[in-house]
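Asker: Supplied structure: coords15.txt, compact mmCIF, C-alpha atoms (C1' of nucleotides).
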```
# COMPACT_ATOMS: atom_id res chain seq x y z
CA MET A 1 12.63 -45.35 -15.50
CA SER A 2 9.30 -46.93 -15.94
CA ARG A 3 7.64 -43.78 -17.02
CA MET A 4 5.84 -43.93 -20.29
CA VAL A 5 8.12 -42.57 -22.91
CA THR A 6 6.63 -39.29 -23.85
CA GLN A 7 6.81 -38.22 -27.38
CA ILE A 8 9.60 -36.02 -28.52
CA ILE A 9 8.05 -32.96 -29.94
CA SER A 10 9.72 -30.68 -32.36
CA THR A 11 10.89 -27.28 -31.25
CA MET A 12 8.31 -25.65 -33.41
CA GLU A 13 5.81 -23.52 -31.64
CA THR A 14 3.02 -25.28 -33.34
CA GLN A 15 0.06 -27.14 -32.10
CA VAL A 16 -0.71 -30.34 -33.86
CA SER A 17 -4.34 -31.00 -33.30
CA ASN A 18 -5.78 -34.43 -32.91
CA GLY A 19 -8.31 -33.21 -35.35
CA PRO A 20 -11.99 -32.57 -35.09
CA SER A 21 -14.39 -35.39 -34.95
CA GLY A 22 -15.94 -34.18 -38.13
CA THR A 23 -19.28 -33.51 -36.58
CA SER A 24 -20.25 -30.43 -34.74
CA LEU A 25 -21.02 -31.30 -31.15
CA PRO A 26 -22.71 -28.76 -28.92
CA ASN A 27 -19.46 -27.89 -27.19
CA GLY A 28 -17.16 -29.24 -29.81
CA PRO A 29 -14.61 -27.45 -31.91
CA VAL A 30 -15.86 -24.58 -33.95
CA ILE A 31 -15.84 -25.50 -37.59
CA SER A 32 -15.54 -22.66 -40.00
CA THR A 33 -17.13 -22.67 -43.39
CA ASN A 34 -13.93 -23.79 -45.07
CA GLY A 35 -13.74 -26.80 -42.80
CA ALA A 36 -10.76 -25.64 -40.74
CA THR A 37 -11.02 -25.61 -36.97
CA ASP A 38 -10.92 -22.27 -35.26
CA ASP A 39 -8.80 -22.91 -32.21
CA SER A 40 -8.38 -19.27 -31.34
CA LYS A 41 -10.79 -19.49 -28.41
CA THR A 42 -9.79 -22.92 -27.16
CA ASN A 43 -6.07 -23.22 -27.75
CA LEU A 44 -3.71 -21.94 -25.07
CA ILE A 45 0.01 -21.53 -24.83
CA VAL A 46 1.54 -22.07 -21.44
CA ASN A 47 4.92 -20.51 -20.75
CA TYR A 48 7.48 -20.69 -17.94
CA LEU A 49 6.73 -24.22 -16.90
CA PRO A 50 9.15 -25.79 -14.45
CA GLN A 51 11.95 -27.50 -16.27
CA ASN A 52 11.13 -31.01 -15.15
CA MET A 53 7.37 -30.93 -15.35
CA THR A 54 6.22 -33.96 -17.30
CA GLN A 55 3.61 -34.30 -19.98
CA GLU A 56 1.45 -36.21 -17.49
CA GLU A 57 1.68 -33.51 -14.86
CA PHE A 58 1.00 -30.87 -17.46
CA LYS A 59 -2.09 -32.68 -18.65
CA SER A 60 -3.21 -33.35 -15.11
CA LEU A 61 -2.99 -29.71 -14.16
CA PHE A 62 -4.88 -28.37 -17.15
CA GLY A 63 -7.25 -31.30 -17.32
CA SER A 64 -8.52 -30.28 -13.91
CA ILE A 65 -10.17 -27.30 -15.59
CA GLY A 66 -12.12 -29.12 -18.24
CA GLU A 67 -12.01 -31.59 -21.07
CA ILE A 68 -8.88 -31.31 -23.16
CA GLU A 69 -8.99 -31.86 -26.89
CA SER A 70 -5.21 -32.12 -27.09
CA CYS A 71 -2.19 -30.94 -25.19
CA LYS A 72 1.52 -30.97 -25.62
CA LEU A 73 4.50 -30.21 -23.54
CA VAL A 74 7.11 -29.03 -25.99
CA ARG A 75 10.44 -30.76 -25.77
CA ASP A 76 13.81 -30.42 -27.37
CA LYS A 77 13.92 -32.62 -30.42
CA ILE A 78 17.35 -33.96 -29.60
CA THR A 79 17.62 -34.16 -25.82
CA GLY A 80 13.98 -34.59 -24.93
CA GLN A 81 14.33 -31.83 -22.34
CA SER A 82 11.28 -29.73 -21.74
CA LEU A 83 11.53 -26.36 -23.37
CA GLY A 84 9.41 -24.94 -20.60
CA TYR A 85 6.24 -24.34 -22.54
CA GLY A 86 3.33 -26.22 -23.96
CA PHE A 87 -0.06 -26.03 -25.59
CA VAL A 88 -3.47 -26.98 -24.32
CA ASN A 89 -6.46 -27.12 -26.60
CA TYR A 90 -9.76 -27.41 -24.77
CA VAL A 91 -12.98 -28.71 -26.18
CA ASP A 92 -14.93 -25.85 -24.68
CA PRO A 93 -13.84 -22.23 -25.12
CA ASN A 94 -15.25 -21.53 -21.66
CA ASP A 95 -12.72 -23.90 -20.17
CA ALA A 96 -9.90 -22.16 -21.99
CA ASP A 97 -11.07 -18.90 -20.51
CA LYS A 98 -11.34 -20.51 -17.09
CA ALA A 99 -7.82 -21.92 -17.39
CA ILE A 100 -6.43 -18.49 -18.10
CA ASN A 101 -8.28 -17.00 -15.16
CA THR A 102 -7.33 -19.67 -12.68
CA LEU A 103 -3.92 -20.87 -13.78
CA ASN A 104 -2.21 -17.83 -15.26
CA GLY A 105 0.32 -16.58 -12.73
CA LEU A 106 0.35 -19.85 -10.82
CA LYS A 107 3.63 -20.38 -9.02
CA LEU A 108 5.17 -23.77 -9.54
CA GLN A 109 8.56 -24.36 -8.00
CA THR A 110 10.60 -21.35 -8.98
CA LYS A 111 8.45 -20.44 -11.97
CA THR A 112 5.38 -18.34 -12.44
CA ILE A 113 3.52 -19.87 -15.31
CA LYS A 114 1.88 -17.81 -17.99
CA VAL A 115 -1.33 -18.99 -19.60
CA SER A 116 -2.64 -17.16 -22.62
CA TYR A 117 -4.33 -17.76 -25.94
CA ALA A 118 -1.99 -19.21 -28.51
CA ARG A 119 -1.49 -17.43 -31.75
CA PRO A 120 -2.40 -19.48 -34.81
CA SER A 121 0.38 -21.75 -35.83
CA SER A 122 2.48 -20.35 -38.62
CA ALA A 123 6.00 -20.65 -39.86
CA SER A 124 6.40 -16.89 -39.93
CA ILE A 125 6.13 -16.55 -36.15
CA ARG A 126 8.89 -19.03 -35.44
CA ASP A 127 12.34 -17.92 -34.31
CA ALA A 128 11.17 -14.39 -33.64
CA ASN A 129 12.62 -14.20 -30.16
CA LEU A 130 15.58 -11.95 -29.43
CA TYR A 131 18.06 -11.85 -26.61
CA VAL A 132 19.35 -8.41 -25.75
CA SER A 133 22.38 -7.69 -23.59
CA GLY A 134 24.33 -4.62 -22.60
CA LEU A 135 21.20 -2.67 -21.79
CA PRO A 136 21.67 0.37 -19.58
CA LYS A 137 20.64 -0.55 -16.07
CA THR A 138 18.23 2.33 -16.05
CA MET A 139 16.34 1.12 -19.08
CA THR A 140 12.87 -0.13 -18.26
CA GLN A 141 10.84 -2.73 -20.04
CA LYS A 142 8.76 0.05 -21.49
CA ASP A 143 11.86 1.87 -22.72
CA MET A 144 13.07 -1.29 -24.35
CA GLU A 145 9.75 -1.95 -26.02
CA GLN A 146 9.72 1.59 -27.32
CA LEU A 147 13.16 1.09 -28.79
CA PHE A 148 12.21 -2.15 -30.51
CA SER A 149 8.65 -1.35 -31.49
CA GLN A 150 9.78 0.52 -34.60
CA TYR A 151 10.64 -2.86 -36.12
CA GLY A 152 7.37 -4.65 -35.58
CA ARG A 153 4.71 -5.91 -33.25
CA ILE A 154 6.11 -7.04 -29.92
CA ILE A 155 4.49 -10.12 -28.42
CA THR A 156 6.42 -10.30 -25.17
CA SER A 157 9.31 -8.50 -23.58
CA ARG A 158 11.27 -8.88 -20.40
CA ILE A 159 14.24 -7.40 -18.62
CA LEU A 160 15.95 -9.75 -16.21
CA VAL A 161 16.48 -8.39 -12.73
CA ASP A 162 18.85 -9.21 -9.92
CA GLN A 163 17.18 -11.18 -7.18
CA VAL A 164 19.22 -9.92 -4.30
CA THR A 165 19.17 -6.21 -4.98
CA ALA A 166 15.42 -6.24 -5.29
CA GLY A 167 14.86 -5.71 -8.91
CA ILE A 168 17.90 -3.94 -10.29
CA SER A 169 18.20 -4.65 -14.01
CA ARG A 170 20.81 -7.19 -15.03
CA GLY A 171 21.12 -5.42 -18.33
CA VAL A 172 19.79 -8.31 -20.35
CA GLY A 173 16.37 -9.09 -21.67
CA PHE A 174 14.16 -10.63 -24.29
CA ILE A 175 11.95 -9.34 -27.05
CA ARG A 176 9.64 -11.57 -28.99
CA PHE A 177 8.28 -10.17 -32.20
CA ASP A 178 5.17 -11.34 -33.95
CA LYS A 179 7.14 -12.21 -37.05
CA ARG A 180 10.61 -13.53 -37.61
CA ASN A 181 11.39 -10.96 -40.28
CA GLU A 182 10.60 -8.22 -37.77
CA ALA A 183 13.13 -9.74 -35.41
CA GLU A 184 15.69 -9.88 -38.19
CA GLU A 185 15.16 -6.22 -38.95
CA ALA A 186 15.57 -5.35 -35.28
CA ILE A 187 18.90 -7.14 -35.18
CA LYS A 188 20.06 -5.27 -38.27
CA GLY A 189 18.92 -1.98 -36.87
CA LEU A 190 19.88 -2.26 -33.22
CA ASN A 191 22.69 -4.75 -32.71
CA GLY A 192 25.85 -2.87 -31.79
CA GLN A 193 23.96 0.41 -31.52
CA LYS A 194 23.92 2.69 -28.52
CA PRO A 195 20.44 3.51 -27.27
CA LEU A 196 19.90 7.22 -26.88
CA GLY A 197 22.00 8.42 -23.97
CA ALA A 198 23.59 5.03 -23.35
CA ALA A 199 27.32 4.68 -22.81
CA GLU A 200 27.67 1.22 -24.29
CA PRO A 201 26.22 -0.45 -27.36
CA ILE A 202 23.70 -3.21 -26.95
CA THR A 203 23.92 -6.70 -28.36
CA VAL A 204 20.85 -8.03 -30.12
CA LYS A 205 20.69 -11.61 -31.30
CA PHE A 206 18.33 -14.51 -31.61
CA ALA A 207 17.63 -16.08 -28.25
CA ASN A 208 18.47 -19.59 -27.25
CA ASN A 209 15.74 -21.96 -26.22
CA PRO A 210 14.48 -21.36 -22.70
CA SER A 211 16.01 -22.98 -19.66
CA GLN A 212 18.96 -24.55 -21.35
CA LYS A 213 20.67 -25.50 -18.19
CA THR A 214 23.80 -27.50 -18.58
CA GLY A 215 23.22 -31.18 -18.29
CA GLN A 216 25.61 -31.14 -15.40
CA ALA A 217 23.62 -28.53 -13.53
CA LEU A 218 20.53 -30.68 -13.86
CA LEU A 219 22.39 -33.77 -12.77
CA THR A 220 23.84 -31.94 -9.81
CA GLN A 221 20.44 -30.74 -8.71
CA LEU A 222 18.96 -34.18 -9.16
CA TYR A 223 21.76 -35.67 -7.17
CA GLN A 224 21.34 -33.19 -4.37
CA THR A 225 17.63 -33.75 -4.16
CA ALA A 226 17.92 -37.50 -4.25
CA ALA A 227 20.74 -37.69 -1.76
CA ARG A 228 19.10 -35.37 0.71
CA ARG A 229 15.91 -37.33 0.64
CA TYR A 230 17.56 -40.21 2.37
CA THR A 231 20.62 -39.00 4.11
CA GLY A 232 19.91 -35.37 4.75
CA PRO A 233 22.29 -32.77 3.45
CA LEU A 234 25.60 -34.05 2.34
CA HIS A 235 28.07 -33.09 4.94
CA HIS A 236 30.88 -35.53 4.50
CA GLN A 237 32.81 -32.93 2.62
CA THR A 238 31.81 -30.23 5.06
CA GLN A 239 33.35 -32.19 7.84
CA ARG A 240 36.54 -32.52 5.92
CA PHE A 241 36.71 -28.84 5.35
CA SER A 242 35.69 -27.33 8.62
CA LEU A 243 34.29 -27.76 12.08
CA ILE A 244 31.02 -26.12 11.25
CA PRO A 245 28.14 -28.42 12.18
CA PRO A 246 26.13 -29.98 9.40
CA PHE A 247 23.44 -27.75 8.12
CA GLY A 248 19.83 -28.74 7.95
CA LYS A 249 19.80 -29.93 11.54
CA GLY A 250 17.76 -28.13 14.12
CA PRO A 251 15.84 -24.95 13.72
CA ASP A 252 17.02 -22.50 11.17
CA PRO A 253 16.33 -19.02 12.49
CA ASN A 254 16.72 -17.57 9.04
CA ASN A 255 14.17 -19.68 7.28
CA SER A 256 11.64 -21.60 9.25
CA THR A 257 9.72 -22.64 6.16
CA LYS A 258 12.67 -24.31 4.51
CA PRO A 259 11.71 -27.91 5.28
CA ILE A 260 8.29 -27.42 3.77
CA LEU A 261 9.57 -25.78 0.67
CA ASP A 262 12.66 -27.86 0.23
CA ASN A 263 11.26 -30.23 -2.35
CA LEU A 264 9.60 -27.50 -4.28
CA LEU A 265 12.57 -25.22 -4.35
CA ASN A 266 14.86 -27.89 -5.60
CA ALA A 267 15.00 -29.23 -9.06
CA SER A 268 12.66 -32.15 -8.89
CA TYR A 269 9.04 -32.61 -8.20
CA GLY A 270 10.12 -35.65 -6.38
CA VAL A 271 12.82 -38.19 -6.78
CA LYS A 272 12.65 -41.58 -5.28
CA SER A 273 15.67 -43.70 -4.95
CA SER A 274 16.56 -46.90 -3.28
CA PRO A 275 18.42 -46.17 -0.08
CA SER A 276 21.56 -47.68 -1.42
CA LEU A 277 24.91 -46.07 -1.73
CA LEU A 278 24.38 -44.90 -5.26
CA PRO A 279 21.25 -42.89 -5.79
CA ARG A 280 18.95 -43.98 -8.55
CA PHE A 281 16.88 -41.43 -10.28
CA SER A 282 13.36 -42.39 -11.08
CA PRO A 283 10.94 -39.53 -11.16
CA ILE A 284 7.60 -40.16 -9.56
CA THR A 285 4.36 -38.64 -10.55
CA ILE A 286 2.74 -36.49 -7.97
CA ASP A 287 -0.87 -37.31 -7.35
CA SER A 288 -2.25 -33.86 -7.62
CA MET A 289 -0.91 -30.61 -8.84
CA THR A 290 -3.12 -28.88 -6.32
CA SER A 291 -0.56 -29.53 -3.63
CA LEU A 292 1.79 -27.35 -5.59
CA ALA A 293 -0.83 -24.87 -6.56
CA GLY A 294 -1.51 -23.70 -3.04
CA VAL A 295 2.07 -22.83 -2.31
CA ASN A 296 3.39 -19.42 -3.02
CA LEU A 297 7.13 -19.41 -2.98
CA THR A 298 8.63 -16.42 -1.38
CA GLY A 299 12.05 -14.90 -1.61
CA PRO A 300 14.48 -15.00 -4.46
CA THR A 301 13.13 -16.38 -7.70
CA GLY A 302 15.93 -15.24 -9.95
CA ALA A 303 19.33 -16.58 -10.67
CA GLY A 304 20.44 -17.47 -7.16
CA TRP A 305 23.30 -16.49 -4.93
CA CYS A 306 26.47 -15.65 -6.76
CA ILE A 307 29.75 -16.66 -5.15
CA PHE A 308 33.17 -15.31 -6.07
CA VAL A 309 36.01 -17.80 -5.99
CA TYR A 310 39.55 -16.44 -6.09
CA ASN A 311 42.99 -18.03 -6.47
CA LEU A 312 42.12 -20.77 -8.88
CA SER A 313 45.04 -22.12 -10.87
CA PRO A 314 45.48 -21.21 -14.54
CA GLU A 315 44.51 -24.79 -15.37
CA ALA A 316 41.29 -24.72 -13.37
CA ASP A 317 38.12 -25.62 -15.18
CA GLU A 318 34.42 -25.75 -14.46
CA SER A 319 34.53 -29.28 -13.13
CA VAL A 320 36.59 -28.29 -10.12
CA LEU A 321 33.95 -25.75 -9.17
CA TRP A 322 31.18 -28.31 -9.51
CA GLN A 323 33.13 -30.70 -7.32
CA LEU A 324 33.91 -28.12 -4.68
CA PHE A 325 30.46 -26.58 -4.37
CA GLY A 326 28.13 -29.38 -5.39
CA PRO A 327 28.25 -31.15 -2.02
CA PHE A 328 26.88 -28.10 -0.26
CA GLY A 329 23.64 -27.89 -2.14
CA ALA A 330 21.96 -26.94 -5.36
CA VAL A 331 24.44 -25.40 -7.78
CA THR A 332 22.85 -23.94 -10.86
CA ASN A 333 25.85 -22.46 -12.62
CA VAL A 334 29.63 -22.36 -12.49
CA LYS A 335 32.00 -20.24 -14.53
CA VAL A 336 35.75 -20.07 -14.75
CA ILE A 337 36.91 -16.73 -16.08
CA ARG A 338 39.55 -17.21 -18.74
CA ASP A 339 41.91 -14.98 -20.63
CA PHE A 340 40.53 -14.46 -24.08
CA THR A 341 43.76 -15.24 -25.92
CA THR A 342 45.48 -17.86 -23.76
CA ASN A 343 42.25 -19.50 -22.58
CA LYS A 344 43.90 -19.94 -19.17
CA CYS A 345 41.94 -19.25 -16.03
CA LYS A 346 42.49 -15.70 -14.82
CA GLY A 347 42.53 -16.93 -11.24
CA PHE A 348 38.90 -16.56 -10.38
CA GLY A 349 35.47 -17.83 -11.11
CA PHE A 350 31.83 -17.72 -10.07
CA VAL A 351 29.38 -20.21 -8.68
CA THR A 352 25.65 -19.69 -8.41
CA MET A 353 23.75 -21.54 -5.72
CA THR A 354 20.01 -21.61 -5.29
CA ASN A 355 19.67 -21.49 -1.53
CA TYR A 356 21.17 -18.90 0.73
CA ASP A 357 22.02 -21.20 3.61
CA GLU A 358 23.78 -23.66 1.36
CA ALA A 359 25.74 -20.88 -0.30
CA ALA A 360 26.71 -19.48 3.09
CA MET A 361 27.80 -22.91 4.25
CA ALA A 362 29.88 -23.42 1.12
CA ILE A 363 31.56 -20.08 1.65
CA ALA A 364 32.22 -20.69 5.32
CA SER A 365 33.66 -24.08 4.52
CA LEU A 366 35.60 -23.39 1.35
CA ASN A 367 37.05 -19.96 2.13
CA GLY A 368 40.63 -20.70 3.09
CA TYR A 369 40.43 -24.22 1.72
CA ARG A 370 43.69 -25.42 0.27
CA LEU A 371 43.35 -26.63 -3.28
CA GLY A 372 46.66 -28.03 -4.41
CA ASP A 373 49.22 -25.43 -3.45
CA ARG A 374 46.69 -22.61 -3.41
CA VAL A 375 44.47 -21.24 -0.69
CA LEU A 376 41.07 -20.30 -2.02
CA GLN A 377 39.27 -17.12 -1.14
CA VAL A 378 35.53 -17.58 -1.33
CA SER A 379 32.88 -14.97 -0.70
CA PHE A 380 29.62 -13.68 -2.01
CA LYS A 381 30.21 -11.74 -5.19
CA THR A 382 30.29 -8.01 -4.71
CA SER A 383 28.31 -5.81 -7.03
CA LYS A 384 31.27 -3.68 -8.00
CA GLN A 385 35.02 -4.10 -7.95
CA HIS A 386 35.51 -1.61 -5.16
CA LYS A 387 36.91 -2.95 -1.92
CA ALA A 388 35.44 -2.48 1.49
C1' DT B 389 40.89 -10.24 -6.99
C1' DC B 390 34.37 -9.83 -8.96
C1' DG B 391 32.01 -12.00 -15.67
C1' DG B 392 28.28 -12.16 -18.41
C1' DA B 393 24.19 -12.97 -18.17
C1' DT B 394 19.18 -17.01 -21.88
C1' DT B 395 12.54 -15.73 -19.36
```
What is this structure when it is put down as structure tokens?
Answerer:
Amino acid sequence: MSRMVTQIISTMETQVSNGPSGTSLPNGPVISTNGATDDSKTNLIVNYLPQNMTQEEFKSLFGSIGEIESCKLVRDKITGQSLGYGFVNYVDPNDADKAINTLNGLKLQTKTIKVSYARPSSASIRDANLYVSGLPKTMTQKDMEQLFSQYGRIITSRILVDQVTAGISRGVGFIRFDKRNEAEEAIKGLNGQKPLGAAEPITVKFANNPSQKTGQALLTQLYQTAARRYTGPLHHQTQRFSLIPPFGKGPDPNNSTKPILDNLLNASYGVKSSPSLLPRFSPITIDSMTSLAGVNLTGPTGAGWCIFVYNLSPEADESVLWQLFGPFGAVTNVKVIRDFTTNKCKGFGFVTMTNYDEAAMAIASLNGYRLGDRVLQVSFKTSKQHKA
DNA sequence: TCGGATT
């Protein structure tokens, strides 16, 4: 990769300013009487950035609004992976306001970015984000906020919803408090407790960093994107498995916009590779973010299409699922269900794929596929364990 | 023979 090595930024939600010039320019930073800069009207936090957006793309997008004093895409200290958020400090408060008005809610790939004023940097607001699971499906975001608000000021909250069933709660969500100690109190008070009228207790814990996809999921998506760019969809394995024609050829009555959106829906902004046998991955910089800005992605934006895989051997592991499903398209997650005590596979697992047609092709091809001495049963996951 | 979930 020839890309300039971007700095690895700590996981702290802090903005390190390049510092004021020391003189007060007409549109320059506001200097308070004690000499500290007041960034409250110029400094923005940007959330839900696409996983592979680069510092350069980030700066390019927000620089299109006005002069930037400093900006940072926040990355994992160890892996260098984007944590999906960043800070932009404008010179002119009017530009900060303009950025919120024009860029908040912008859809980029599968994300809808959030642009808002950043809170002043402080140690006490770090690690104040909670992950909540086991929520009753009927509980709304407002209900959840009400439950948690007794412990402090809530900055953000969210309940994750199922993409296919049009917004049914997945029973998990997030609550970010203003202060870490408020979050700690909420864990003490609510973890393992049953909300009023709920049948099951909820789990409340500190959240992981955003978008911590497995490295393998990222690699798989990169591979898919790169390979398809030059050879079209991988169908060598499809042909081995079935007589179904390769997908991606000819009109697709179910999704006529797919070719246009293909690059955006997949993991990369763009991957160029030499047309050799082994793909090389060298990200390219797109010239203008405006090409992305005009596109509104439609359809599922959530987890993807969940596939149930039955009749795996007790020894099966995640890698077999990656190998089986990866050739059909973008796989975002695989899971082998294991017995808690023996740690052996219970005979089934799940695979999540981004695109419906690829998931359908994988199912059509892999259902009935013989893996060792077993015949797999593969289908879309049902919502409940009842049979048809 | 259909989990656990990480914006």
Asker: For the interface of chain A with chain B (cut-off 9 Å, counting all atoms listed in the file), please tabulate each contacting residue of chain A alongside its nearest pair of atoms and their separation in Å to one decimal, rows sorted by chain and increasing number, as JSON lines.
Answerer:
```
{"residue": "A:Tyr48", "atom": "CA", "partner": "B:DT395", "partner_atom": "C1'", "distance": 7.2}
{"residue": "A:Tyr131", "atom": "CA", "partner": "B:DT394", "partner_atom": "C1'", "distance": 7.1}
{"residue": "A:Ser133", "atom": "CA", "partner": "B:DA393", "partner_atom": "C1'", "distance": 7.8}
{"residue": "A:Ser157", "atom": "CA", "partner": "B:DT395", "partner_atom": "C1'", "distance": 9.0}
{"residue": "A:Arg158", "atom": "CA", "partner": "B:DT395", "partner_atom": "C1'", "distance": 7.0}
{"residue": "A:Ile159", "atom": "CA", "partner": "B:DT395", "partner_atom": "C1'", "distance": 8.5}
{"residue": "A:Leu160", "atom": "CA", "partner": "B:DT395", "partner_atom": "C1'", "distance": 7.6}
{"residue": "A:Arg170", "atom": "CA", "partner": "B:DA393", "partner_atom": "C1'", "distance": 7.4}
{"residue": "A:Gly171", "atom": "CA", "partner": "B:DA393", "partner_atom": "C1'", "distance": 8.2}
{"residue": "A:Val172", "atom": "CA", "partner": "B:DA393", "partner_atom": "C1'", "distance": 6.8}
{"residue": "A:Gly173", "atom": "CA", "partner": "B:DT395", "partner_atom": "C1'", "distance": 8.0}
{"residue": "A:Phe174", "atom": "CA", "partner": "B:DT395", "partner_atom": "C1'", "distance": 7.3}
{"residue": "A:Ala207", "atom": "CA", "partner": "B:DT394", "partner_atom": "C1'", "distance": 6.6}
{"residue": "A:Asn208", "atom": "CA", "partner": "B:DT394", "partner_atom": "C1'", "distance": 6.0}
{"residue": "A:Asn209", "atom": "CA", "partner": "B:DT394", "partner_atom": "C1'", "distance": 7.4}
{"residue": "A:Pro210", "atom": "CA", "partner": "B:DT394", "partner_atom": "C1'", "distance": 6.5}
{"residue": "A:Ser211", "atom": "CA", "partner": "B:DT394", "partner_atom": "C1'", "distance": 7.1}
{"residue": "A:Gln212", "atom": "CA", "partner": "B:DT394", "partner_atom": "C1'", "distance": 7.6}
{"residue": "A:Phe308", "atom": "CA", "partner": "B:DC390", "partner_atom": "C1'", "distance": 6.3}
{"residue": "A:Val309", "atom": "CA", "partner": "B:DC390", "partner_atom": "C1'", "distance": 8.7}
{"residue": "A:Tyr310", "atom": "CA", "partner": "B:DT389", "partner_atom": "C1'", "distance": 6.4}
{"residue": "A:Asn311", "atom": "CA", "partner": "B:DT389", "partner_atom": "C1'", "distance": 8.1}
{"residue": "A:Lys335", "atom": "CA", "partner": "B:DG391", "partner_atom": "C1'", "distance": 8.3}
{"residue": "A:Val336", "atom": "CA", "partner": "B:DG391", "partner_atom": "C1'", "distance": 8.9}
{"residue": "A:Ile337", "atom": "CA", "partner": "B:DG391", "partner_atom": "C1'", "distance": 6.8}
{"residue": "A:Gly347", "atom": "CA", "partner": "B:DT389", "partner_atom": "C1'", "distance": 8.1}
{"residue": "A:Phe348", "atom": "CA", "partner": "B:DT389", "partner_atom": "C1'", "distance": 7.4}
{"residue": "A:Gly349", "atom": "CA", "partner": "B:DG391", "partner_atom": "C1'", "distance": 8.2}
{"residue": "A:Phe350", "atom": "CA", "partner": "B:DG391", "partner_atom": "C1'", "distance": 8.0}
{"residue": "A:Lys381", "atom": "CA", "partner": "B:DC390", "partner_atom": "C1'", "distance": 5.9}
{"residue": "A:Thr382", "atom": "CA", "partner": "B:DC390", "partner_atom": "C1'", "distance": 6.2}
{"residue": "A:Ser383", "atom": "CA", "partner": "B:DC390", "partner_atom": "C1'", "distance": 7.5}
{"residue": "A:Lys384", "atom": "CA", "partner": "B:DC390", "partner_atom": "C1'", "distance": 7.0}
{"residue": "A:Gln385", "atom": "CA", "partner": "B:DC390", "partner_atom": "C1'", "distance": 5.9}
```
Asker: Which distance in Å separates CA of Lys205 (chain A) and CA of Leu190 (chain A), to one decimal?
Answerer: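 Answer for the CA of Lys205 (chain A) to CA of Leu190 (chain A) separation: 9.6 Å.
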Asker: Quick one: residues within 10 Å of Thr156 (chain A), all atoms listed in the file counted, chain neighbours fewer than 6 positions away excluded, as a VMD selection string?
Answerer: chain A and resid 129 145 174 to 178
Asker: The selected residues should be written to file as a PDB file, in the frame of the given file (atoms: C-alpha atoms).
Answerer:
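Printed below is part00.pdb as written:
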```pdb
ATOM      1  CA  ASN A 129      12.620 -14.200 -30.160  1.00  0.00           C
ATOM      2  CA  GLU A 145       9.750  -1.950 -26.020  1.00  0.00           C
ATOM      3  CA  PHE A 174      14.160 -10.630 -24.290  1.00  0.00           C
ATOM      4  CA  ILE A 175      11.950  -9.340 -27.050  1.00  0.00           C
ATOM      5  CA  ARG A 176       9.640 -11.570 -28.990  1.00  0.00           C
ATOM      6  CA  PHE A 177       8.280 -10.170 -32.200  1.00  0.00           C
ATOM      7  CA  ASP A 178       5.170 -11.340 -33.950  1.00  0.00           C
TER       8      ASP A 178
END
```
Asker: Mind pulling up the distance from CA of Arg126 (chain A) to CA of Thr79 (chain A)?
Answerer: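 Atom-to-atom, CA of Thr79 (chain A) to CA of Arg126 (chain A), that is 19.9 Å.
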Asker: If you measure from CA of Arg75 (chain A) to CA of Ser122 (chain A), what distance in Å do you get, rounded to one decimal?
Answerer: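 So the two atoms, CA of Arg75 (chain A) and CA of Ser122 (chain A), lie 18.4 Å apart.
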Asker: Name the residues in contact with Glu185 (chain A) at a cut-off of 10 Å, using only C-alpha atoms (C1' of nucleotides), excluding same-chain residues fewer than 3 positions from it; report them as a count of residues only.
Answerer: 11
Asker: Go through A:Asn101, A:Thr203, A:Thr138, A:Gln146 one by one, measure the shortest atom-to-atom distance of each to Gly167 (chain A) using only C-alpha atoms, and give the residue with the smallest value.
Answerer: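 Closest residue, counting only C-alpha atoms: A:Thr138.
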Asker: Write out as a PDB file with C-alpha atoms, in the frame of the given file which residues come within 7 Å of Tyr85 (chain A) when counting all atoms listed in the file, dropping same-chain ones fewer than 5 positions away.
Answerer:
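Printed below is part_18.pdb as written:
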```
ATOM      1  CA  VAL A  46       1.540 -22.070 -21.440  1.00  0.00           C
ATOM      2  CA  ASN A  47       4.920 -20.510 -20.750  1.00  0.00           C
ATOM      3  CA  TYR A  48       7.480 -20.690 -17.940  1.00  0.00           C
ATOM      4  CA  LEU A  49       6.730 -24.220 -16.900  1.00  0.00           C
ATOM      5  CA  LEU A  73       4.500 -30.210 -23.540  1.00  0.00           C
ATOM      6  CA  VAL A  74       7.110 -29.030 -25.990  1.00  0.00           C
TER       7      VAL A  74
END
```
